[in-house]
Amino acid sequence: MSAVMEDRDIYLSTFERFEKGRDRHERPWLHRIRSAAIDRFAELGFPTPRDEEWRFTNVAPITRVPFRPAAAVELSGQAVQALRRLAFDSGDAGTRIVFVNGFYAAGLSVFRPSGGVTVENLAAALEANPQRLEPYLAQHAGYDDHPFRALNTAFLRDGAFVSIPKGEVVREPIHLVFVSIARGEPAVSHPRNLIVTGPGSQATIVESYIGLDEGVYLTNAVTEIVAGENSLLDHYKLQREGGKAFQVATLQVHQGRGSTFSSHYVSLGGGLVRNEVNVVLDGEGCESTLNGLYLARDRQHMDNRTVIDHARPRCASHELYKGILDGRAHGVFNGKIFVRQDAQKTDAKQTNKTLLLSDDATINTKPQLEIFADDVKCTHGATVGQLDAESIFYLRSRGIDLESARSLLTFAFANDVIGRIKVEPLRAGLEELLLATQHLPLGEQAKEVP
């Protein structure tokens, strides 16, 4: 128990120093949010495998490390090139806003204005126009039962703020890039993003989390999305943290009437990764799509938790998560579809498929339906298996060697998700990487850069 308290105390003492460094003219509502969040974290402490929602993920490797707040780092030209390569970002189109160790990097960011669209760092938005953020910030990503979200909210400082005006159609993707570089000392950053889409608007957002060295660090990220009535938002997340890194992240989505939201998540790196996607369909006629692909090797641990909350009638959701595990990797999929009593005419489908490339890889999969309405169409299912022996035999009978046959079948399995990505540079980069690494997971980490 004393060790647990000590782990907690490190963050409590860090928060005291963090608060003393804040602007004394900061808005009272923001101070109240931070204070309530750290108090809740102090009550909760870190989760253990005895907590049902963390049953298959032991965060002791995180709590044992004395993480300190990440320091601002200026990237060299070589590091910038590595960043763009790992993020599949050619820089040719769209807007890009970059953060290094949680600090806004103006020199690496590119803005191409479009019809009143706002893309800026959260700290600047809170200083210049806080009343614009107050109705949304920390209003949807609850932390009462989630210590990592409580920590992120307590240390809320910077990240991306994106606002799409009513009726605006943004043709090019908006890229939010978060870079971590440890430089030998265990460091933690808490990126916080807020994305608000106005009624009838359309946009594409890409979030990339990139590690530029093999140091130990923790990225504890939260993204809140508020989708306005009849808006359309495509969201992509690419996770390529360093091999010794930890990431705990939440994507919290609140959909208004008639809105359409899609999430495409690809997880390639990190030593221990927990990614949560929570969607509330809170207006009649909403549609939501969640696609995910996670690839792990060696002793990587990747935990995926999704919750789709059908709160209103006549909504539809479609979910497909696939995992490829090699070596002694451990994967987790915990997906729940929740249909409330008033959510009649719900149409929900959930599928999880896992491919095990070694006898030592393991998966815990838990698809769930919780239905309180009677006029619904809901299905869920999970499959776990290895490469099909008959398919391998068929390919080999046509002159293809064993390794190439395994590579082709693994690529086909993964490309069912990759092929749904509409952002061409991201899709093409992932397909090329899949082919280049043959049947291996896409866990290629960046070489250490200065």
# chains A, B, ... in the order shown; residues from 1 in each chain; ligands from 1
$ select_by_dssp --residues "segment 5-237 of chain A" --states "strand (DSSP E)" --output "PDB file with N, CA and C atoms, in the first residue's frame"
ATOM      1  N   ARG A  68       8.564  12.482 -14.664  1.00  0.00           N
ATOM      2  CA  ARG A  68       8.564  13.924 -14.422  1.00  0.00           C
ATOM      3  C   ARG A  68       7.959  14.625 -15.630  1.00  0.00           C
ATOM      4  N   PRO A  69       7.433  15.834 -15.450  1.00  0.00           N
ATOM      5  CA  PRO A  69       6.858  16.536 -16.603  1.00  0.00           C
ATOM      6  C   PRO A  69       7.865  16.674 -17.735  1.00  0.00           C
ATOM      7  N   THR A  95      -3.694  21.536 -43.134  1.00  0.00           N
ATOM      8  CA  THR A  95      -3.130  22.239 -41.990  1.00  0.00           C
ATOM      9  C   THR A  95      -2.489  21.231 -41.052  1.00  0.00           C
ATOM     10  N   ARG A  96      -1.340  21.608 -40.493  1.00  0.00           N
ATOM     11  CA  ARG A  96      -0.639  20.744 -39.549  1.00  0.00           C
ATOM     12  C   ARG A  96      -0.273  21.558 -38.309  1.00  0.00           C
ATOM     13  N   ILE A  97      -0.652  21.060 -37.120  1.00  0.00           N
ATOM     14  CA  ILE A  97      -0.255  21.692 -35.872  1.00  0.00           C
ATOM     15  C   ILE A  97       0.520  20.659 -35.063  1.00  0.00           C
ATOM     16  N   VAL A  98       1.716  21.048 -34.602  1.00  0.00           N
ATOM     17  CA  VAL A  98       2.661  20.097 -34.027  1.00  0.00           C
ATOM     18  C   VAL A  98       2.948  20.450 -32.569  1.00  0.00           C
ATOM     19  N   PHE A  99       3.055  19.405 -31.752  1.00  0.00           N
ATOM     20  CA  PHE A  99       3.434  19.552 -30.350  1.00  0.00           C
ATOM     21  C   PHE A  99       4.593  18.603 -30.072  1.00  0.00           C
ATOM     22  N   VAL A 100       5.607  19.098 -29.375  1.00  0.00           N
ATOM     23  CA  VAL A 100       6.753  18.281 -29.003  1.00  0.00           C
ATOM     24  C   VAL A 100       6.794  18.183 -27.481  1.00  0.00           C
ATOM     25  N   PHE A 103       4.402  20.494 -25.859  1.00  0.00           N
ATOM     26  CA  PHE A 103       4.562  21.938 -26.061  1.00  0.00           C
ATOM     27  C   PHE A 103       4.339  22.281 -27.529  1.00  0.00           C
ATOM     28  N   TYR A 104       3.590  23.333 -27.760  1.00  0.00           N
ATOM     29  CA  TYR A 104       3.282  23.770 -29.115  1.00  0.00           C
ATOM     30  C   TYR A 104       4.562  24.167 -29.843  1.00  0.00           C
ATOM     31  N   THR A 118     -11.086  27.308 -37.226  1.00  0.00           N
ATOM     32  CA  THR A 118     -10.098  27.608 -36.199  1.00  0.00           C
ATOM     33  C   THR A 118      -9.257  26.374 -35.914  1.00  0.00           C
ATOM     34  N   VAL A 119      -7.939  26.518 -36.049  1.00  0.00           N
ATOM     35  CA  VAL A 119      -6.990  25.486 -35.630  1.00  0.00           C
ATOM     36  C   VAL A 119      -5.882  26.201 -34.877  1.00  0.00           C
ATOM     37  N   GLU A 120      -5.806  25.990 -33.584  1.00  0.00           N
ATOM     38  CA  GLU A 120      -4.784  26.646 -32.777  1.00  0.00           C
ATOM     39  C   GLU A 120      -4.467  25.808 -31.549  1.00  0.00           C
ATOM     40  N   ASN A 121      -3.389  26.178 -30.872  1.00  0.00           N
ATOM     41  CA  ASN A 121      -3.075  25.441 -29.661  1.00  0.00           C
ATOM     42  C   ASN A 121      -4.012  25.863 -28.542  1.00  0.00           C
ATOM     43  N   ALA A 160      -4.493  20.668 -29.010  1.00  0.00           N
ATOM     44  CA  ALA A 160      -5.079  21.303 -30.186  1.00  0.00           C
ATOM     45  C   ALA A 160      -6.540  21.675 -29.942  1.00  0.00           C
ATOM     46  N   PHE A 161      -6.906  22.836 -30.456  1.00  0.00           N
ATOM     47  CA  PHE A 161      -8.312  23.253 -30.479  1.00  0.00           C
ATOM     48  C   PHE A 161      -8.713  23.459 -31.926  1.00  0.00           C
ATOM     49  N   VAL A 162      -9.733  22.712 -32.361  1.00  0.00           N
ATOM     50  CA  VAL A 162     -10.229  22.803 -33.734  1.00  0.00           C
ATOM     51  C   VAL A 162     -11.720  23.101 -33.685  1.00  0.00           C
ATOM     52  N   SER A 163     -12.128  24.124 -34.418  1.00  0.00           N
ATOM     53  CA  SER A 163     -13.543  24.481 -34.496  1.00  0.00           C
ATOM     54  C   SER A 163     -13.928  24.682 -35.959  1.00  0.00           C
ATOM     55  N   ILE A 164     -14.926  23.926 -36.400  1.00  0.00           N
ATOM     56  CA  ILE A 164     -15.399  24.005 -37.785  1.00  0.00           C
ATOM     57  C   ILE A 164     -16.745  24.732 -37.784  1.00  0.00           C
ATOM     58  N   ILE A 174      -6.903  17.979 -41.520  1.00  0.00           N
ATOM     59  CA  ILE A 174      -6.243  18.757 -40.475  1.00  0.00           C
ATOM     60  C   ILE A 174      -5.443  17.774 -39.639  1.00  0.00           C
ATOM     61  N   HIS A 175      -4.130  17.959 -39.584  1.00  0.00           N
ATOM     62  CA  HIS A 175      -3.236  16.982 -38.964  1.00  0.00           C
ATOM     63  C   HIS A 175      -2.748  17.499 -37.612  1.00  0.00           C
ATOM     64  N   LEU A 176      -3.045  16.747 -36.558  1.00  0.00           N
ATOM     65  CA  LEU A 176      -2.561  17.059 -35.217  1.00  0.00           C
ATOM     66  C   LEU A 176      -1.436  16.080 -34.906  1.00  0.00           C
ATOM     67  N   VAL A 177      -0.234  16.598 -34.701  1.00  0.00           N
ATOM     68  CA  VAL A 177       0.948  15.751 -34.542  1.00  0.00           C
ATOM     69  C   VAL A 177       1.537  15.942 -33.148  1.00  0.00           C
ATOM     70  N   PHE A 178       1.728  14.825 -32.440  1.00  0.00           N
ATOM     71  CA  PHE A 178       2.274  14.861 -31.085  1.00  0.00           C
ATOM     72  C   PHE A 178       3.544  14.017 -31.058  1.00  0.00           C
ATOM     73  N   VAL A 179       4.651  14.685 -30.798  1.00  0.00           N
ATOM     74  CA  VAL A 179       5.958  14.056 -30.838  1.00  0.00           C
ATOM     75  C   VAL A 179       6.501  13.928 -29.425  1.00  0.00           C
ATOM     76  N   SER A 180       7.094  12.772 -29.125  1.00  0.00           N
ATOM     77  CA  SER A 180       7.726  12.581 -27.824  1.00  0.00           C
ATOM     78  C   SER A 180       9.186  12.206 -28.024  1.00  0.00           C
ATOM     79  N   ALA A 187       9.736  10.736 -18.794  1.00  0.00           N
ATOM     80  CA  ALA A 187       8.946  11.968 -18.846  1.00  0.00           C
ATOM     81  C   ALA A 187       7.509  11.654 -19.196  1.00  0.00           C
ATOM     82  N   VAL A 188       6.599  12.536 -18.754  1.00  0.00           N
ATOM     83  CA  VAL A 188       5.184  12.364 -19.036  1.00  0.00           C
ATOM     84  C   VAL A 188       4.617  13.642 -19.629  1.00  0.00           C
ATOM     85  N   SER A 189       3.749  13.499 -20.615  1.00  0.00           N
ATOM     86  CA  SER A 189       3.009  14.632 -21.167  1.00  0.00           C
ATOM     87  C   SER A 189       1.528  14.273 -21.181  1.00  0.00           C
ATOM     88  N   ARG A 192      -4.108  17.498 -24.515  1.00  0.00           N
ATOM     89  CA  ARG A 192      -5.567  17.612 -24.435  1.00  0.00           C
ATOM     90  C   ARG A 192      -6.078  18.296 -25.698  1.00  0.00           C
ATOM     91  N   ASN A 193      -7.002  17.650 -26.387  1.00  0.00           N
ATOM     92  CA  ASN A 193      -7.525  18.186 -27.640  1.00  0.00           C
ATOM     93  C   ASN A 193      -9.031  18.376 -27.550  1.00  0.00           C
ATOM     94  N   LEU A 194      -9.498  19.437 -28.168  1.00  0.00           N
ATOM     95  CA  LEU A 194     -10.926  19.714 -28.248  1.00  0.00           C
ATOM     96  C   LEU A 194     -11.277  20.006 -29.698  1.00  0.00           C
ATOM     97  N   ILE A 195     -12.232  19.234 -30.243  1.00  0.00           N
ATOM     98  CA  ILE A 195     -12.662  19.391 -31.626  1.00  0.00           C
ATOM     99  C   ILE A 195     -14.179  19.603 -31.625  1.00  0.00           C
ATOM    100  N   VAL A 196     -14.616  20.711 -32.197  1.00  0.00           N
ATOM    101  CA  VAL A 196     -16.045  21.043 -32.238  1.00  0.00           C
ATOM    102  C   VAL A 196     -16.438  21.274 -33.688  1.00  0.00           C
ATOM    103  N   THR A 197     -17.432  20.527 -34.163  1.00  0.00           N
ATOM    104  CA  THR A 197     -17.907  20.699 -35.535  1.00  0.00           C
ATOM    105  C   THR A 197     -19.310  21.297 -35.519  1.00  0.00           C
ATOM    106  N   GLN A 202     -18.323  19.587 -42.481  1.00  0.00           N
ATOM    107  CA  GLN A 202     -17.619  18.359 -42.831  1.00  0.00           C
ATOM    108  C   GLN A 202     -16.119  18.583 -42.674  1.00  0.00           C
ATOM    109  N   ALA A 203     -15.423  17.602 -42.092  1.00  0.00           N
ATOM    110  CA  ALA A 203     -13.985  17.748 -41.905  1.00  0.00           C
ATOM    111  C   ALA A 203     -13.348  16.385 -41.700  1.00  0.00           C
ATOM    112  N   THR A 204     -12.023  16.352 -41.877  1.00  0.00           N
ATOM    113  CA  THR A 204     -11.212  15.174 -41.625  1.00  0.00           C
ATOM    114  C   THR A 204     -10.080  15.557 -40.682  1.00  0.00           C
ATOM    115  N   ILE A 205      -9.943  14.826 -39.599  1.00  0.00           N
ATOM    116  CA  ILE A 205      -8.906  15.079 -38.610  1.00  0.00           C
ATOM    117  C   ILE A 205      -8.000  13.857 -38.527  1.00  0.00           C
ATOM    118  N   VAL A 206      -6.686  14.092 -38.540  1.00  0.00           N
ATOM    119  CA  VAL A 206      -5.707  13.020 -38.340  1.00  0.00           C
ATOM    120  C   VAL A 206      -4.897  13.340 -37.099  1.00  0.00           C
ATOM    121  N   GLU A 207      -4.875  12.419 -36.148  1.00  0.00           N
ATOM    122  CA  GLU A 207      -4.021  12.541 -34.957  1.00  0.00           C
ATOM    123  C   GLU A 207      -2.880  11.549 -35.079  1.00  0.00           C
ATOM    124  N   SER A 208      -1.642  12.026 -34.945  1.00  0.00           N
ATOM    125  CA  SER A 208      -0.484  11.143 -34.988  1.00  0.00           C
ATOM    126  C   SER A 208       0.326  11.296 -33.708  1.00  0.00           C
ATOM    127  N   TYR A 209       0.701  10.161 -33.113  1.00  0.00           N
ATOM    128  CA  TYR A 209       1.536  10.148 -31.911  1.00  0.00           C
ATOM    129  C   TYR A 209       2.812   9.390 -32.260  1.00  0.00           C
ATOM    130  N   ILE A 210       3.925  10.115 -32.245  1.00  0.00           N
ATOM    131  CA  ILE A 210       5.183   9.614 -32.781  1.00  0.00           C
ATOM    132  C   ILE A 210       6.278   9.677 -31.714  1.00  0.00           C
ATOM    133  N   GLY A 211       7.029   8.589 -31.561  1.00  0.00           N
ATOM    134  CA  GLY A 211       8.198   8.583 -30.687  1.00  0.00           C
ATOM    135  C   GLY A 211       9.465   8.671 -31.504  1.00  0.00           C
ATOM    136  N   TYR A 217       8.946   6.962 -21.709  1.00  0.00           N
ATOM    137  CA  TYR A 217       8.073   8.116 -21.492  1.00  0.00           C
ATOM    138  C   TYR A 217       6.625   7.650 -21.486  1.00  0.00           C
ATOM    139  N   LEU A 218       5.757   8.507 -20.987  1.00  0.00           N
ATOM    140  CA  LEU A 218       4.316   8.235 -20.933  1.00  0.00           C
ATOM    141  C   LEU A 218       3.572   9.353 -21.638  1.00  0.00           C
ATOM    142  N   THR A 219       2.737   8.989 -22.579  1.00  0.00           N
ATOM    143  CA  THR A 219       1.803   9.929 -23.201  1.00  0.00           C
ATOM    144  C   THR A 219       0.416   9.612 -22.681  1.00  0.00           C
ATOM    145  N   ASN A 220      -0.183  10.560 -21.978  1.00  0.00           N
ATOM    146  CA  ASN A 220      -1.512  10.392 -21.389  1.00  0.00           C
ATOM    147  C   ASN A 220      -2.435  11.399 -22.059  1.00  0.00           C
ATOM    148  N   ALA A 221      -3.108  10.973 -23.118  1.00  0.00           N
ATOM    149  CA  ALA A 221      -3.814  11.894 -24.015  1.00  0.00           C
ATOM    150  C   ALA A 221      -5.328  11.746 -23.913  1.00  0.00           C
ATOM    151  N   VAL A 222      -6.017  12.875 -24.073  1.00  0.00           N
ATOM    152  CA  VAL A 222      -7.481  12.898 -24.134  1.00  0.00           C
ATOM    153  C   VAL A 222      -7.908  13.805 -25.281  1.00  0.00           C
ATOM    154  N   THR A 223      -8.796  13.298 -26.127  1.00  0.00           N
ATOM    155  CA  THR A 223      -9.393  14.100 -27.194  1.00  0.00           C
ATOM    156  C   THR A 223     -10.905  14.085 -27.024  1.00  0.00           C
ATOM    157  N   GLU A 224     -11.490  15.264 -26.956  1.00  0.00           N
ATOM    158  CA  GLU A 224     -12.948  15.404 -26.883  1.00  0.00           C
ATOM    159  C   GLU A 224     -13.457  15.922 -28.223  1.00  0.00           C
ATOM    160  N   ILE A 225     -14.467  15.249 -28.755  1.00  0.00           N
ATOM    161  CA  ILE A 225     -15.096  15.677 -30.012  1.00  0.00           C
ATOM    162  C   ILE A 225     -16.569  15.929 -29.757  1.00  0.00           C
ATOM    163  N   VAL A 226     -17.032  17.102 -30.164  1.00  0.00           N
ATOM    164  CA  VAL A 226     -18.444  17.447 -30.074  1.00  0.00           C
ATOM    165  C   VAL A 226     -18.932  17.667 -31.502  1.00  0.00           C
ATOM    166  N   ALA A 227     -19.722  16.719 -32.007  1.00  0.00           N
ATOM    167  CA  ALA A 227     -20.178  16.750 -33.397  1.00  0.00           C
ATOM    168  C   ALA A 227     -21.571  17.367 -33.471  1.00  0.00           C
ATOM    169  N   LEU A 232     -20.453  15.930 -40.405  1.00  0.00           N
ATOM    170  CA  LEU A 232     -19.768  14.714 -40.825  1.00  0.00           C
ATOM    171  C   LEU A 232     -18.296  14.859 -40.491  1.00  0.00           C
ATOM    172  N   LEU A 233     -17.779  13.943 -39.683  1.00  0.00           N
ATOM    173  CA  LEU A 233     -16.384  14.010 -39.265  1.00  0.00           C
ATOM    174  C   LEU A 233     -15.727  12.641 -39.408  1.00  0.00           C
ATOM    175  N   ASP A 234     -14.618  12.614 -40.165  1.00  0.00           N
ATOM    176  CA  ASP A 234     -13.769  11.431 -40.255  1.00  0.00           C
ATOM    177  C   ASP A 234     -12.546  11.671 -39.387  1.00  0.00           C
ATOM    178  N   HIS A 235     -12.300  10.761 -38.454  1.00  0.00           N
ATOM    179  CA  HIS A 235     -11.185  10.909 -37.526  1.00  0.00           C
ATOM    180  C   HIS A 235     -10.238   9.726 -37.675  1.00  0.00           C
ATOM    181  N   TYR A 236      -8.941  10.021 -37.774  1.00  0.00           N
ATOM    182  CA  TYR A 236      -7.924   8.991 -37.896  1.00  0.00           C
ATOM    183  C   TYR A 236      -6.900   9.176 -36.775  1.00  0.00           C
ATOM    184  N   LYS A 237      -6.463   8.061 -36.213  1.00  0.00           N
ATOM    185  CA  LYS A 237      -5.398   8.131 -35.221  1.00  0.00           C
ATOM    186  C   LYS A 237      -4.329   7.104 -35.560  1.00  0.00           C
TER     187      LYS A 237
END
$ closest_atom_pairs --of "segment 122-168 of chain A" --to "segment 277-281 of chain A" --cutoff "12 Å" --atoms "only C-alpha atoms" --output "CSV"
residue,atom,partner,partner_atom,distance
A:His140,CA,A:Val280,CA,9.4
A:Ala141,CA,A:Asn278,CA,8.7
A:Gly142,CA,A:Asn278,CA,10.6
$ write_last_selection --atoms "N, CA and C atoms" --output "mmCIF file, in the first residue's frame"
data_model
loop_
_atom_site.group_PDB
_atom_site.id
_atom_site.type_symbol
_atom_site.label_atom_id
_atom_site.label_comp_id
_atom_site.auth_asym_id
_atom_site.auth_seq_id
_atom_site.Cartn_x
_atom_site.Cartn_y
_atom_site.Cartn_z
ATOM 1 N N HIS A 140 -17.348 16.257 -21.452
ATOM 2 C CA HIS A 140 -17.771 14.952 -21.969
ATOM 3 C C HIS A 140 -16.839 13.811 -21.555
ATOM 4 N N ALA A 141 -15.553 14.071 -21.450
ATOM 5 C CA ALA A 141 -14.608 13.030 -21.053
ATOM 6 C C ALA A 141 -14.555 12.974 -19.525
ATOM 7 N N GLY A 142 -15.469 12.209 -18.942
ATOM 8 C CA GLY A 142 -15.567 12.131 -17.494
ATOM 9 C C GLY A 142 -14.368 11.428 -16.866
#
$ residues_around --residues "Asn230 of chain A" --least-positions-apart "6" --cutoff "7 Å" --atoms "only C-alpha atoms" --output "NGL selection string"
:A and (199-200 or 257-259)
$ residues_around --residues "Leu408 of chain A" --least-positions-apart "2" --cutoff "12 Å" --atoms "only C-alpha atoms" --output "ChimeraX atom specification"
/A:387-388,391-392,395-396,400-406,410-415,431,434-440
